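Trainee: Hey, dropping upload-v7.json in here, JSON, C-alpha atoms:
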```json
[["chain", "number", "residue", "atom", "x", "y", "z"],
["A", 1, "MET", "CA", 42.68, 19.40, 64.77],
["A", 2, "GLU", "CA", 39.43, 21.38, 64.84],
["A", 3, "GLN", "CA", 37.26, 20.79, 61.81],
["A", 4, "MET", "CA", 36.40, 23.90, 59.73],
["A", 5, "ASN", "CA", 32.76, 24.18, 58.72],
["A", 6, "LEU", "CA", 31.69, 25.34, 55.24],
["A", 7, "PHE", "CA", 30.95, 28.92, 56.34],
["A", 8, "ASP", "CA", 34.35, 29.29, 58.00],
["A", 9, "PHE", "CA", 36.04, 27.80, 54.94],
["A", 10, "MET", "CA", 34.30, 30.24, 52.59],
["A", 11, "LEU", "CA", 35.16, 33.17, 54.87],
["A", 12, "GLU", "CA", 38.80, 32.12, 54.98],
["A", 13, "GLU", "CA", 38.88, 31.65, 51.22],
["A", 14, "SER", "CA", 37.43, 35.15, 50.63],
["A", 15, "LYS", "CA", 40.11, 36.62, 52.89],
["A", 16, "VAL", "CA", 42.84, 34.89, 50.87],
["A", 17, "ILE", "CA", 41.36, 36.12, 47.57],
["A", 18, "LYS", "CA", 41.14, 39.67, 48.92],
["A", 19, "GLU", "CA", 44.75, 39.54, 50.07],
["A", 20, "LEU", "CA", 45.85, 38.29, 46.65],
["A", 21, "GLN", "CA", 43.90, 41.09, 44.93],
["A", 22, "THR", "CA", 45.47, 43.78, 47.11],
["A", 23, "LYS", "CA", 48.93, 42.39, 46.27],
["A", 24, "GLU", "CA", 48.23, 42.42, 42.53],
["A", 25, "THR", "CA", 50.06, 45.12, 40.60],
["A", 26, "ASN", "CA", 48.02, 47.94, 39.06],
["A", 27, "TRP", "CA", 49.28, 49.88, 36.05],
["A", 28, "LEU", "CA", 48.06, 53.22, 34.74],
["A", 29, "LEU", "CA", 49.02, 53.64, 31.07],
["A", 30, "VAL", "CA", 48.54, 57.24, 29.99],
["A", 31, "ASP", "CA", 47.96, 58.60, 26.49],
["A", 32, "GLY", "CA", 50.20, 61.63, 27.03],
["A", 33, "ASN", "CA", 49.06, 63.60, 23.98],
["A", 34, "ASN", "CA", 45.41, 63.13, 24.86],
["A", 35, "LEU", "CA", 45.85, 64.08, 28.52],
["A", 36, "LEU", "CA", 47.98, 67.17, 27.79],
["A", 37, "ASN", "CA", 45.40, 68.35, 25.25],
["A", 38, "ARG", "CA", 42.64, 67.89, 27.82],
["A", 39, "ALA", "CA", 44.68, 69.74, 30.43],
["A", 40, "TYR", "CA", 45.44, 72.62, 28.06],
["A", 41, "TYR", "CA", 41.89, 73.27, 26.88],
["A", 42, "ALA", "CA", 40.56, 73.00, 30.44],
["A", 43, "THR", "CA", 42.92, 75.83, 31.48],
["A", 44, "ALA", "CA", 43.30, 77.80, 28.22],
["A", 45, "GLN", "CA", 41.38, 80.76, 29.69],
["A", 46, "LYS", "CA", 43.97, 81.09, 32.43],
["A", 47, "LEU", "CA", 47.41, 80.59, 30.90],
["A", 48, "MET", "CA", 50.30, 80.26, 33.37],
["A", 49, "THR", "CA", 53.98, 80.81, 32.73],
["A", 50, "ALA", "CA", 57.23, 79.84, 34.43],
["A", 51, "PRO", "CA", 59.79, 82.50, 35.39],
["A", 52, "ASP", "CA", 61.59, 81.79, 32.10],
["A", 53, "GLY", "CA", 58.40, 82.54, 30.12],
["A", 54, "ARG", "CA", 57.43, 78.99, 29.17],
["A", 55, "TYR", "CA", 53.74, 78.16, 29.43],
["A", 56, "THR", "CA", 52.87, 75.75, 32.24],
["A", 57, "ASN", "CA", 49.07, 75.63, 32.59],
["A", 58, "ALA", "CA", 48.68, 72.27, 30.78],
["A", 59, "VAL", "CA", 51.72, 70.80, 32.53],
["A", 60, "SER", "CA", 50.35, 71.80, 35.92],
["A", 61, "LEU", "CA", 46.93, 70.19, 35.41],
["A", 62, "PHE", "CA", 48.47, 67.14, 33.71],
["A", 63, "ILE", "CA", 50.60, 66.40, 36.79],
["A", 64, "LYS", "CA", 47.68, 67.01, 39.16],
["A", 65, "MET", "CA", 45.46, 64.59, 37.24],
["A", 66, "LEU", "CA", 48.25, 62.03, 37.01],
["A", 67, "LEU", "CA", 48.85, 62.13, 40.76],
["A", 68, "SER", "CA", 45.13, 61.91, 41.47],
["A", 69, "TYR", "CA", 44.59, 58.83, 39.28],
["A", 70, "GLN", "CA", 47.80, 57.21, 40.52],
["A", 71, "LYS", "CA", 46.71, 57.59, 44.13],
["A", 72, "GLU", "CA", 43.13, 56.48, 43.49],
["A", 73, "LEU", "CA", 44.21, 53.34, 41.62],
["A", 74, "ASN", "CA", 47.38, 52.69, 43.63],
["A", 75, "ALA", "CA", 49.07, 52.15, 40.29],
["A", 76, "HIS", "CA", 52.48, 52.34, 38.68],
["A", 77, "VAL", "CA", 52.36, 54.90, 35.86],
["A", 78, "ALA", "CA", 53.82, 54.92, 32.36],
["A", 79, "VAL", "CA", 53.16, 57.72, 29.86],
["A", 80, "MET", "CA", 53.17, 57.24, 26.08],
["A", 81, "PHE", "CA", 53.50, 60.05, 23.52],
["A", 82, "ASP", "CA", 53.21, 60.30, 19.75],
["A", 83, "ASP", "CA", 56.54, 61.09, 18.11],
["A", 84, "GLY", "CA", 56.41, 61.82, 14.41],
["A", 85, "LYS", "CA", 53.85, 60.76, 11.83],
["A", 86, "SER", "CA", 54.09, 56.96, 12.33],
["A", 87, "TYR", "CA", 54.05, 54.23, 9.70],
["A", 88, "ARG", "CA", 50.30, 54.73, 9.16],
["A", 89, "LYS", "CA", 50.97, 58.03, 7.43],
["A", 90, "ASP", "CA", 53.30, 56.25, 4.99],
["A", 91, "LYS", "CA", 50.70, 53.55, 4.29],
["A", 92, "TYR", "CA", 47.83, 56.02, 3.99],
["A", 93, "PRO", "CA", 49.00, 59.61, 3.30],
["A", 94, "PRO", "CA", 45.61, 61.28, 4.12],
["A", 95, "TYR", "CA", 45.76, 59.78, 7.63],
["A", 96, "LYS", "CA", 44.86, 62.43, 10.23],
["A", 97, "ASP", "CA", 44.82, 65.21, 7.63],
["A", 98, "GLY", "CA", 42.50, 68.12, 8.39],
["A", 99, "ARG", "CA", 43.10, 68.31, 12.12],
["A", 100, "ASN", "CA", 43.29, 71.77, 13.66],
["A", 101, "GLU", "CA", 46.77, 73.11, 14.14],
["A", 102, "THR", "CA", 48.09, 72.76, 17.69],
["A", 103, "PRO", "CA", 48.28, 76.17, 19.44],
["A", 104, "ALA", "CA", 51.86, 77.32, 20.03],
["A", 105, "GLN", "CA", 51.14, 77.70, 23.76],
["A", 106, "LEU", "CA", 50.27, 73.99, 23.90],
["A", 107, "GLU", "CA", 52.96, 72.80, 21.50],
["A", 108, "GLU", "CA", 55.76, 74.14, 23.68],
["A", 109, "GLN", "CA", 54.44, 72.29, 26.73],
["A", 110, "PHE", "CA", 55.08, 68.83, 25.25],
["A", 111, "PRO", "CA", 58.85, 68.90, 25.81],
["A", 112, "LEU", "CA", 58.25, 70.49, 29.21],
["A", 113, "ILE", "CA", 55.90, 67.76, 30.47],
["A", 114, "LYS", "CA", 58.41, 65.14, 29.33],
["A", 115, "GLU", "CA", 61.12, 66.99, 31.24],
["A", 116, "VAL", "CA", 59.01, 66.98, 34.42],
["A", 117, "LEU", "CA", 58.13, 63.30, 34.04],
["A", 118, "ASN", "CA", 61.75, 62.36, 33.44],
["A", 119, "LYS", "CA", 62.84, 64.27, 36.55],
["A", 120, "ALA", "CA", 60.18, 62.42, 38.54],
["A", 121, "GLU", "CA", 61.52, 59.15, 37.06],
["A", 122, "ILE", "CA", 58.09, 58.25, 35.70],
["A", 123, "PRO", "CA", 58.59, 56.07, 32.58],
["A", 124, "VAL", "CA", 58.00, 57.89, 29.28],
["A", 125, "PHE", "CA", 57.82, 56.13, 25.90],
["A", 126, "SER", "CA", 57.64, 57.34, 22.31],
["A", 127, "ASP", "CA", 58.65, 55.97, 18.91],
["A", 128, "PRO", "CA", 58.82, 57.65, 15.49],
["A", 129, "MET", "CA", 57.31, 54.60, 13.78],
["A", 130, "TYR", "CA", 54.43, 53.94, 16.16],
["A", 131, "GLU", "CA", 51.73, 55.98, 17.86],
["A", 132, "ALA", "CA", 51.14, 56.25, 21.59],
["A", 133, "ASP", "CA", 48.17, 53.88, 21.17],
["A", 134, "ASP", "CA", 50.47, 51.14, 19.81],
["A", 135, "LEU", "CA", 52.88, 51.62, 22.70],
["A", 136, "ILE", "CA", 50.00, 51.40, 25.18],
["A", 137, "ALA", "CA", 48.73, 48.25, 23.46],
["A", 138, "SER", "CA", 52.17, 46.65, 23.61],
["A", 139, "ALA", "CA", 52.66, 47.61, 27.26],
["A", 140, "ALA", "CA", 49.22, 46.21, 28.15],
["A", 141, "GLN", "CA", 50.19, 42.94, 26.52],
["A", 142, "GLN", "CA", 53.49, 42.68, 28.37],
["A", 143, "VAL", "CA", 52.84, 43.78, 31.95],
["A", 144, "GLU", "CA", 51.00, 41.70, 34.53],
["A", 145, "GLY", "CA", 48.20, 42.73, 36.84],
["A", 146, "ASN", "CA", 45.30, 45.14, 36.39],
["A", 147, "ILE", "CA", 45.68, 47.74, 33.66],
["A", 148, "TYR", "CA", 43.94, 51.10, 33.47],
["A", 149, "ILE", "CA", 44.32, 53.17, 30.29],
["A", 150, "LEU", "CA", 43.72, 56.89, 30.57],
["A", 151, "SER", "CA", 42.53, 58.26, 27.24],
["A", 152, "ASN", "CA", 39.47, 59.46, 25.33],
["A", 153, "ASP", "CA", 40.69, 57.76, 22.13],
["A", 154, "ARG", "CA", 38.16, 55.15, 20.99],
["A", 155, "ASP", "CA", 40.89, 53.21, 19.16],
["A", 156, "LEU", "CA", 41.99, 51.95, 22.57],
["A", 157, "TYR", "CA", 38.62, 50.29, 23.17],
["A", 158, "GLN", "CA", 39.91, 47.29, 21.23],
["A", 159, "LEU", "CA", 42.17, 46.51, 24.22],
["A", 160, "ILE", "CA", 39.35, 46.27, 26.78],
["A", 161, "SER", "CA", 39.28, 42.94, 28.59],
["A", 162, "ASP", "CA", 38.73, 41.45, 32.05],
["A", 163, "ARG", "CA", 42.00, 43.02, 33.16],
["A", 164, "VAL", "CA", 42.14, 46.11, 30.91],
["A", 165, "THR", "CA", 39.87, 49.11, 31.59],
["A", 166, "VAL", "CA", 39.86, 52.34, 29.58],
["A", 167, "ILE", "CA", 39.05, 55.43, 31.64],
["A", 168, "VAL", "CA", 37.11, 57.89, 29.47],
["A", 169, "ARG", "CA", 36.02, 61.40, 30.41],
["A", 170, "LYS", "CA", 32.37, 62.06, 29.49],
["A", 171, "ASN", "CA", 30.30, 65.02, 30.64],
["A", 172, "LYS", "CA", 32.82, 65.92, 33.36],
["A", 173, "GLU", "CA", 32.71, 62.39, 34.79],
["A", 174, "ASP", "CA", 34.95, 59.36, 34.39],
["A", 175, "VAL", "CA", 33.47, 56.30, 32.75],
["A", 176, "HIS", "CA", 35.31, 53.02, 33.26],
["A", 177, "MET", "CA", 35.00, 51.16, 29.97],
["A", 178, "THR", "CA", 34.98, 47.50, 30.96],
["A", 179, "PRO", "CA", 33.71, 44.66, 28.74],
["A", 180, "THR", "CA", 30.28, 45.04, 30.34],
["A", 181, "GLN", "CA", 30.18, 48.82, 29.88],
["A", 182, "PHE", "CA", 31.32, 48.48, 26.28],
["A", 183, "SER", "CA", 28.67, 45.86, 25.57],
["A", 184, "ASN", "CA", 26.03, 48.13, 27.09],
["A", 185, "ASP", "CA", 27.16, 51.16, 25.08],
["A", 186, "PHE", "CA", 27.53, 49.22, 21.82],
["A", 187, "GLU", "CA", 24.41, 47.07, 22.18],
["A", 188, "GLY", "CA", 26.03, 43.69, 22.61],
["A", 189, "LEU", "CA", 29.19, 44.07, 20.53],
["A", 190, "GLN", "CA", 32.60, 43.08, 21.90],
["A", 191, "PRO", "CA", 35.54, 45.52, 22.30],
["A", 192, "TYR", "CA", 37.66, 43.89, 19.59],
["A", 193, "GLN", "CA", 34.90, 44.69, 17.06],
["A", 194, "ILE", "CA", 35.53, 48.43, 17.33],
["A", 195, "VAL", "CA", 38.07, 48.14, 14.49],
["A", 196, "ASP", "CA", 35.45, 46.52, 12.24],
["A", 197, "LEU", "CA", 33.00, 49.32, 12.98],
["A", 198, "LYS", "CA", 35.62, 52.00, 12.33],
["A", 199, "ALA", "CA", 36.73, 50.39, 9.06],
["A", 200, "LEU", "CA", 33.16, 50.39, 7.74],
["A", 201, "GLU", "CA", 31.75, 53.68, 9.07],
["A", 202, "GLY", "CA", 35.01, 55.66, 9.01],
["A", 203, "ASP", "CA", 36.47, 58.06, 11.57],
["A", 204, "LYS", "CA", 36.58, 61.80, 10.91],
["A", 205, "SER", "CA", 39.15, 62.40, 13.65],
["A", 206, "ASP", "CA", 41.67, 60.20, 11.80],
["A", 207, "ASN", "CA", 40.42, 61.17, 8.32],
["A", 208, "ILE", "CA", 39.42, 57.58, 7.56],
["A", 209, "PRO", "CA", 36.42, 57.62, 5.18],
["A", 210, "GLY", "CA", 35.25, 54.04, 5.70],
["A", 211, "VAL", "CA", 33.18, 52.30, 3.02],
["A", 212, "GLU", "CA", 31.12, 54.73, 0.97],
["A", 213, "GLY", "CA", 27.39, 54.55, 1.60],
["A", 214, "ILE", "CA", 27.43, 52.45, 4.76],
["A", 215, "GLY", "CA", 27.67, 54.92, 7.67],
["A", 216, "GLY", "CA", 27.36, 54.32, 11.40],
["A", 217, "LYS", "CA", 24.00, 52.55, 11.53],
["A", 218, "GLY", "CA", 24.83, 50.31, 8.59],
["A", 219, "ALA", "CA", 28.23, 49.41, 10.04],
["A", 220, "PHE", "CA", 26.66, 48.46, 13.37],
["A", 221, "ASN", "CA", 23.94, 46.32, 11.78],
["A", 222, "LEU", "CA", 26.43, 44.52, 9.53],
["A", 223, "ILE", "CA", 28.89, 43.70, 12.32],
["A", 224, "LYS", "CA", 26.04, 42.73, 14.63],
["A", 225, "ALA", "CA", 24.86, 40.27, 11.98],
["A", 226, "PHE", "CA", 28.19, 38.93, 10.70],
["A", 227, "SER", "CA", 30.67, 39.60, 13.54],
["A", 228, "SER", "CA", 33.65, 40.82, 11.45],
["A", 229, "ILE", "CA", 34.66, 42.25, 8.09],
["A", 230, "GLU", "CA", 36.39, 38.98, 7.19],
["A", 231, "GLU", "CA", 33.16, 37.03, 7.67],
["A", 232, "LEU", "CA", 31.11, 39.78, 6.05],
["A", 233, "ILE", "CA", 32.96, 39.72, 2.74],
["A", 234, "GLU", "CA", 32.48, 35.95, 2.48],
["A", 235, "VAL", "CA", 28.69, 36.23, 2.56],
["A", 236, "LYS", "CA", 27.14, 35.40, -0.83],
["A", 237, "GLU", "CA", 23.71, 36.89, -0.19],
["A", 238, "PHE", "CA", 22.68, 39.36, 2.52],
["A", 239, "PRO", "CA", 19.35, 39.05, 4.34],
["A", 240, "LYS", "CA", 16.62, 41.35, 3.04],
["A", 241, "THR", "CA", 17.09, 43.95, 5.79],
["A", 242, "LEU", "CA", 20.75, 44.40, 4.84],
["A", 243, "GLN", "CA", 20.66, 43.90, 1.08],
["A", 244, "ARG", "CA", 20.99, 47.62, 0.37],
["A", 245, "TYR", "CA", 24.57, 47.42, 1.73],
["A", 246, "GLN", "CA", 25.71, 44.43, -0.34],
["A", 247, "SER", "CA", 26.73, 46.27, -3.51],
["A", 248, "LYS", "CA", 28.41, 49.00, -1.46],
["A", 249, "LEU", "CA", 30.48, 46.43, 0.40],
["A", 250, "GLU", "CA", 31.36, 44.52, -2.76],
["A", 251, "SER", "CA", 32.81, 47.68, -4.31],
["A", 252, "GLY", "CA", 34.45, 48.79, -1.06],
["A", 253, "LYS", "CA", 35.64, 45.54, 0.51],
["A", 254, "GLU", "CA", 39.32, 46.22, -0.21],
["A", 255, "ASN", "CA", 39.02, 49.54, 1.61],
["A", 256, "ALA", "CA", 37.27, 47.83, 4.52],
["A", 257, "VAL", "CA", 40.06, 45.29, 4.93],
["A", 258, "PHE", "CA", 42.73, 47.98, 4.56],
["A", 259, "PHE", "CA", 41.14, 50.36, 7.08],
["A", 260, "LYS", "CA", 40.74, 47.55, 9.60],
["A", 261, "GLU", "CA", 44.42, 46.70, 9.26],
["A", 262, "LEU", "CA", 45.29, 50.40, 9.56],
["A", 263, "THR", "CA", 43.37, 50.88, 12.81],
["A", 264, "THR", "CA", 44.35, 47.62, 14.52],
["A", 265, "LEU", "CA", 46.90, 48.40, 17.21],
["A", 266, "HIS", "CA", 50.28, 46.70, 17.45],
["A", 267, "THR", "CA", 50.85, 44.67, 20.61],
["A", 268, "ASP", "CA", 54.34, 43.36, 19.88],
["A", 269, "ILE", "CA", 56.60, 46.42, 20.17],
["A", 270, "PRO", "CA", 59.53, 45.47, 22.45],
["A", 271, "MET", "CA", 59.26, 47.42, 25.72],
["A", 272, "THR", "CA", 60.54, 47.12, 29.26],
["A", 273, "LEU", "CA", 58.32, 48.30, 32.11],
["A", 274, "ASN", "CA", 59.38, 47.75, 35.67],
["A", 275, "THR", "CA", 57.67, 48.75, 38.89],
["A", 276, "TYR", "CA", 59.31, 51.83, 40.39],
["A", 277, "GLN", "CA", 59.13, 54.59, 42.97],
["A", 278, "MET", "CA", 58.48, 58.14, 41.80],
["A", 279, "ASN", "CA", 61.28, 60.55, 42.66],
["A", 280, "LYS", "CA", 59.04, 62.92, 44.60],
["A", 281, "GLN", "CA", 61.76, 65.35, 45.67],
["A", 282, "ALA", "CA", 63.07, 65.78, 42.13],
["A", 283, "CYS", "CA", 59.52, 66.42, 40.95],
["A", 284, "ILE", "CA", 59.05, 69.02, 43.70],
["A", 285, "ASN", "CA", 62.30, 70.72, 42.71],
["A", 286, "ILE", "CA", 61.46, 71.10, 39.04],
["A", 287, "CYS", "CA", 57.89, 72.23, 39.79],
["A", 288, "GLU", "CA", 59.28, 74.86, 42.18],
["A", 289, "SER", "CA", 61.64, 76.08, 39.47],
["A", 290, "LEU", "CA", 58.66, 76.39, 37.11],
["A", 291, "ALA", "CA", 56.59, 78.20, 39.78],
["A", 292, "ILE", "CA", 53.94, 75.47, 39.70],
["A", 293, "HIS", "CA", 53.35, 75.87, 43.43],
["A", 294, "SER", "CA", 49.96, 74.16, 43.53],
["A", 295, "VAL", "CA", 51.63, 70.92, 42.43],
["A", 296, "THR", "CA", 54.45, 71.21, 44.95],
["A", 297, "ARG", "CA", 51.89, 71.61, 47.74],
["A", 298, "ILE", "CA", 50.19, 68.39, 46.63],
["A", 299, "LEU", "CA", 53.51, 66.55, 46.39],
["A", 300, "LYS", "CA", 54.65, 67.58, 49.87],
["A", 301, "ASN", "CA", 51.63, 65.77, 51.33],
["A", 302, "TYR", "CA", 51.65, 62.93, 48.83]]
```
Turn the structure described in the file into structure tokens.
Mentor:
Amino acid sequence: MEQMNLFDFMLEESKVIKELQTKETNWLLVDGNNLLNRAYYATAQKLMTAPDGRYTNAVSLFIKMLLSYQKELNAHVAVMFDDGKSYRKDKYPPYKDGRNETPAQLEEQFPLIKEVLNKAEIPVFSDPMYEADDLIASAAQQVEGNIYILSNDRDLYQLISDRVTVIVRKNKEDVHMTPTQFSNDFEGLQPYQIVDLKALEGDKSDNIPGVEGIGGKGAFNLIKAFSSIEELIEVKEFPKTLQRYQSKLESGKENAVFFKELTTLHTDIPMTLNTYQMNKQACINICESLAIHSVTRILKNY
């Protein structure tokens, strides 16, 4: 038998690793509400309608983006939607109050996009008790392989890991939020600490006030110094540079703990995700019936 030298061995090993990587399953988990909103406002100046009068501009761009990401990542897709107010609204009634009302032209496209996805046999999930973010978190915990999450929602940053990447749209470009990118953007913090930051500084988009008097800079400095809210509230005396926050935290520590619990995503919702083949012809048929011809042209060459 011919002896393999070290270079040949390393070359052979790299080939095996590459083959294993190409065989690994990729998943694209989509925040359906977030993507449909993006698609609507990107096309709101040019509303489209189906022959039956239903608006289709957001649906059209949603499907185009979905197909583009799916092809680029060679991934199996699952789409999660909000359905109802979720348990968080019961625990904290002001949750998400103050958001702008959804335009009627967008509102009516939610059932339509679900209809198109169902016809295409792309998995769709929703639950009246949980938000799309919780469903994404649970799916990410349960499926194997590489996971890409498509959403601009910062709550999903807490899921970032060596195998979970959040794809965020910034300044008309995609940013892949990996652990390294997160650490760069948040000056050394880890993705799981996003819930500690949010609990302290608050989040206007979800109507979470945070701890009064701390704010963004204070929240960052406190978590940078003490790692988590749980460790923070055990500290007897703050260093001089942070002492101005001590009394504020003492009076607001119950809120801090509560808001962290409120914003931590559930990862244990029972779900079944299997690899699948999109029903391309059924998707073509429904898009033709809706007069979304630009999508059917893409699908015919897909």
Trainee: So the first atom is CA of Pro94 (chain A) and the second is CA of Ile208 (chain A); what is the distance between them in Å, to one decimal place?
Mentor: 8.0 Å
Trainee: Point out the residue among A:Met271, A:Leu232, A:Leu159, A:Leu262 with the least atom-to-atom distance to Asp203 (chain A), counting only C-alpha atoms.
Mentor: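 Between A:Met271, A:Leu232, A:Leu159, A:Leu262, the residue approaching Asp203 (chain A) most closely is A:Leu262.
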Trainee: Using Å and a single decimal, report how far CA of Thr165 (chain A) sits from CA of Gln181 (chain A).
Mentor: 9.8 Å
Trainee: Could you list, as a ChimeraX atom specification, every residue within 12 Å of Arg169 (chain A), counting all atoms listed in the file and ignoring same-chain residues fewer than 4 positions away?
Mentor: /A:34-35,38,149-154,173-177
Trainee: Go through A:Gly252, A:Pro239, A:Pro191, A:Gly32 one by one, measure the shortest atom-to-atom distance of each to Glu212 (chain A) using only C-alpha atoms, and give the residue with the smallest value.
Mentor: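 Checking each of A:Gly252, A:Pro239, A:Pro191, A:Gly32 against Glu212 (chain A), counting only C-alpha atoms, the winner is A:Gly252.
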Trainee: Could you complete region 82-97 of chain A so that it carries N, CA, C and O atoms, and give it back as a PDB file, in the coordinates of the input?
Mentor:
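The resulting file, selection_17.pdb, is reproduced below:
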```pdb
ATOM      1  N   ASP A  82      52.940  60.391  21.189  1.00  0.00           N
ATOM      2  CA  ASP A  82      53.210  60.300  19.750  1.00  0.00           C
ATOM      3  C   ASP A  82      54.539  60.992  19.483  1.00  0.00           C
ATOM      4  O   ASP A  82      54.898  61.964  20.154  1.00  0.00           O
ATOM      5  N   ASP A  83      55.251  60.485  18.469  1.00  0.00           N
ATOM      6  CA  ASP A  83      56.540  61.090  18.110  1.00  0.00           C
ATOM      7  C   ASP A  83      56.722  60.935  16.610  1.00  0.00           C
ATOM      8  O   ASP A  83      57.189  59.903  16.142  1.00  0.00           O
ATOM      9  N   GLY A  84      56.326  61.936  15.862  1.00  0.00           N
ATOM     10  CA  GLY A  84      56.410  61.820  14.410  1.00  0.00           C
ATOM     11  C   GLY A  84      55.079  61.394  13.819  1.00  0.00           C
ATOM     12  O   GLY A  84      54.053  61.340  14.486  1.00  0.00           O
ATOM     13  N   LYS A  85      55.087  61.031  12.556  1.00  0.00           N
ATOM     14  CA  LYS A  85      53.850  60.760  11.830  1.00  0.00           C
ATOM     15  C   LYS A  85      53.456  59.284  11.838  1.00  0.00           C
ATOM     16  O   LYS A  85      52.362  58.942  11.430  1.00  0.00           O
ATOM     17  N   SER A  86      54.325  58.402  12.223  1.00  0.00           N
ATOM     18  CA  SER A  86      54.090  56.960  12.330  1.00  0.00           C
ATOM     19  C   SER A  86      53.981  56.303  10.956  1.00  0.00           C
ATOM     20  O   SER A  86      53.752  56.957   9.930  1.00  0.00           O
ATOM     21  N   TYR A  87      54.095  54.987  10.948  1.00  0.00           N
ATOM     22  CA  TYR A  87      54.050  54.230   9.700  1.00  0.00           C
ATOM     23  C   TYR A  87      52.696  54.340   9.010  1.00  0.00           C
ATOM     24  O   TYR A  87      52.585  54.148   7.788  1.00  0.00           O
ATOM     25  N   ARG A  88      51.631  54.645   9.765  1.00  0.00           N
ATOM     26  CA  ARG A  88      50.300  54.730   9.160  1.00  0.00           C
ATOM     27  C   ARG A  88      50.228  55.852   8.128  1.00  0.00           C
ATOM     28  O   ARG A  88      49.508  55.754   7.144  1.00  0.00           O
ATOM     29  N   LYS A  89      50.953  56.913   8.374  1.00  0.00           N
ATOM     30  CA  LYS A  89      50.970  58.030   7.430  1.00  0.00           C
ATOM     31  C   LYS A  89      51.635  57.613   6.123  1.00  0.00           C
ATOM     32  O   LYS A  89      51.232  58.066   5.041  1.00  0.00           O
ATOM     33  N   ASP A  90      52.639  56.754   6.202  1.00  0.00           N
ATOM     34  CA  ASP A  90      53.300  56.250   4.990  1.00  0.00           C
ATOM     35  C   ASP A  90      52.358  55.322   4.213  1.00  0.00           C
ATOM     36  O   ASP A  90      52.318  55.348   2.982  1.00  0.00           O
ATOM     37  N   LYS A  91      51.598  54.500   4.946  1.00  0.00           N
ATOM     38  CA  LYS A  91      50.700  53.550   4.290  1.00  0.00           C
ATOM     39  C   LYS A  91      49.471  54.239   3.717  1.00  0.00           C
ATOM     40  O   LYS A  91      48.918  53.806   2.705  1.00  0.00           O
ATOM     41  N   TYR A  92      49.048  55.315   4.399  1.00  0.00           N
ATOM     42  CA  TYR A  92      47.830  56.020   3.990  1.00  0.00           C
ATOM     43  C   TYR A  92      48.051  57.510   4.183  1.00  0.00           C
ATOM     44  O   TYR A  92      47.740  58.073   5.234  1.00  0.00           O
ATOM     45  N   PRO A  93      48.614  58.196   3.168  1.00  0.00           N
ATOM     46  CA  PRO A  93      49.000  59.610   3.300  1.00  0.00           C
ATOM     47  C   PRO A  93      47.919  60.551   3.835  1.00  0.00           C
ATOM     48  O   PRO A  93      48.251  61.507   4.553  1.00  0.00           O
ATOM     49  N   PRO A  94      46.616  60.356   3.548  1.00  0.00           N
ATOM     50  CA  PRO A  94      45.610  61.280   4.120  1.00  0.00           C
ATOM     51  C   PRO A  94      45.370  61.095   5.620  1.00  0.00           C
ATOM     52  O   PRO A  94      44.587  61.849   6.214  1.00  0.00           O
ATOM     53  N   TYR A  95      46.006  60.098   6.218  1.00  0.00           N
ATOM     54  CA  TYR A  95      45.760  59.780   7.630  1.00  0.00           C
ATOM     55  C   TYR A  95      45.933  61.014   8.518  1.00  0.00           C
ATOM     56  O   TYR A  95      46.961  61.674   8.486  1.00  0.00           O
ATOM     57  N   LYS A  96      44.901  61.320   9.275  1.00  0.00           N
ATOM     58  CA  LYS A  96      44.860  62.430  10.230  1.00  0.00           C
ATOM     59  C   LYS A  96      44.978  63.809   9.585  1.00  0.00           C
ATOM     60  O   LYS A  96      45.190  64.810  10.291  1.00  0.00           O
ATOM     61  N   ASP A  97      44.852  63.891   8.265  1.00  0.00           N
ATOM     62  CA  ASP A  97      44.820  65.210   7.630  1.00  0.00           C
ATOM     63  C   ASP A  97      43.574  65.969   8.072  1.00  0.00           C
ATOM     64  O   ASP A  97      42.544  65.363   8.382  1.00  0.00           O
TER      65      ASP A  97
END
```
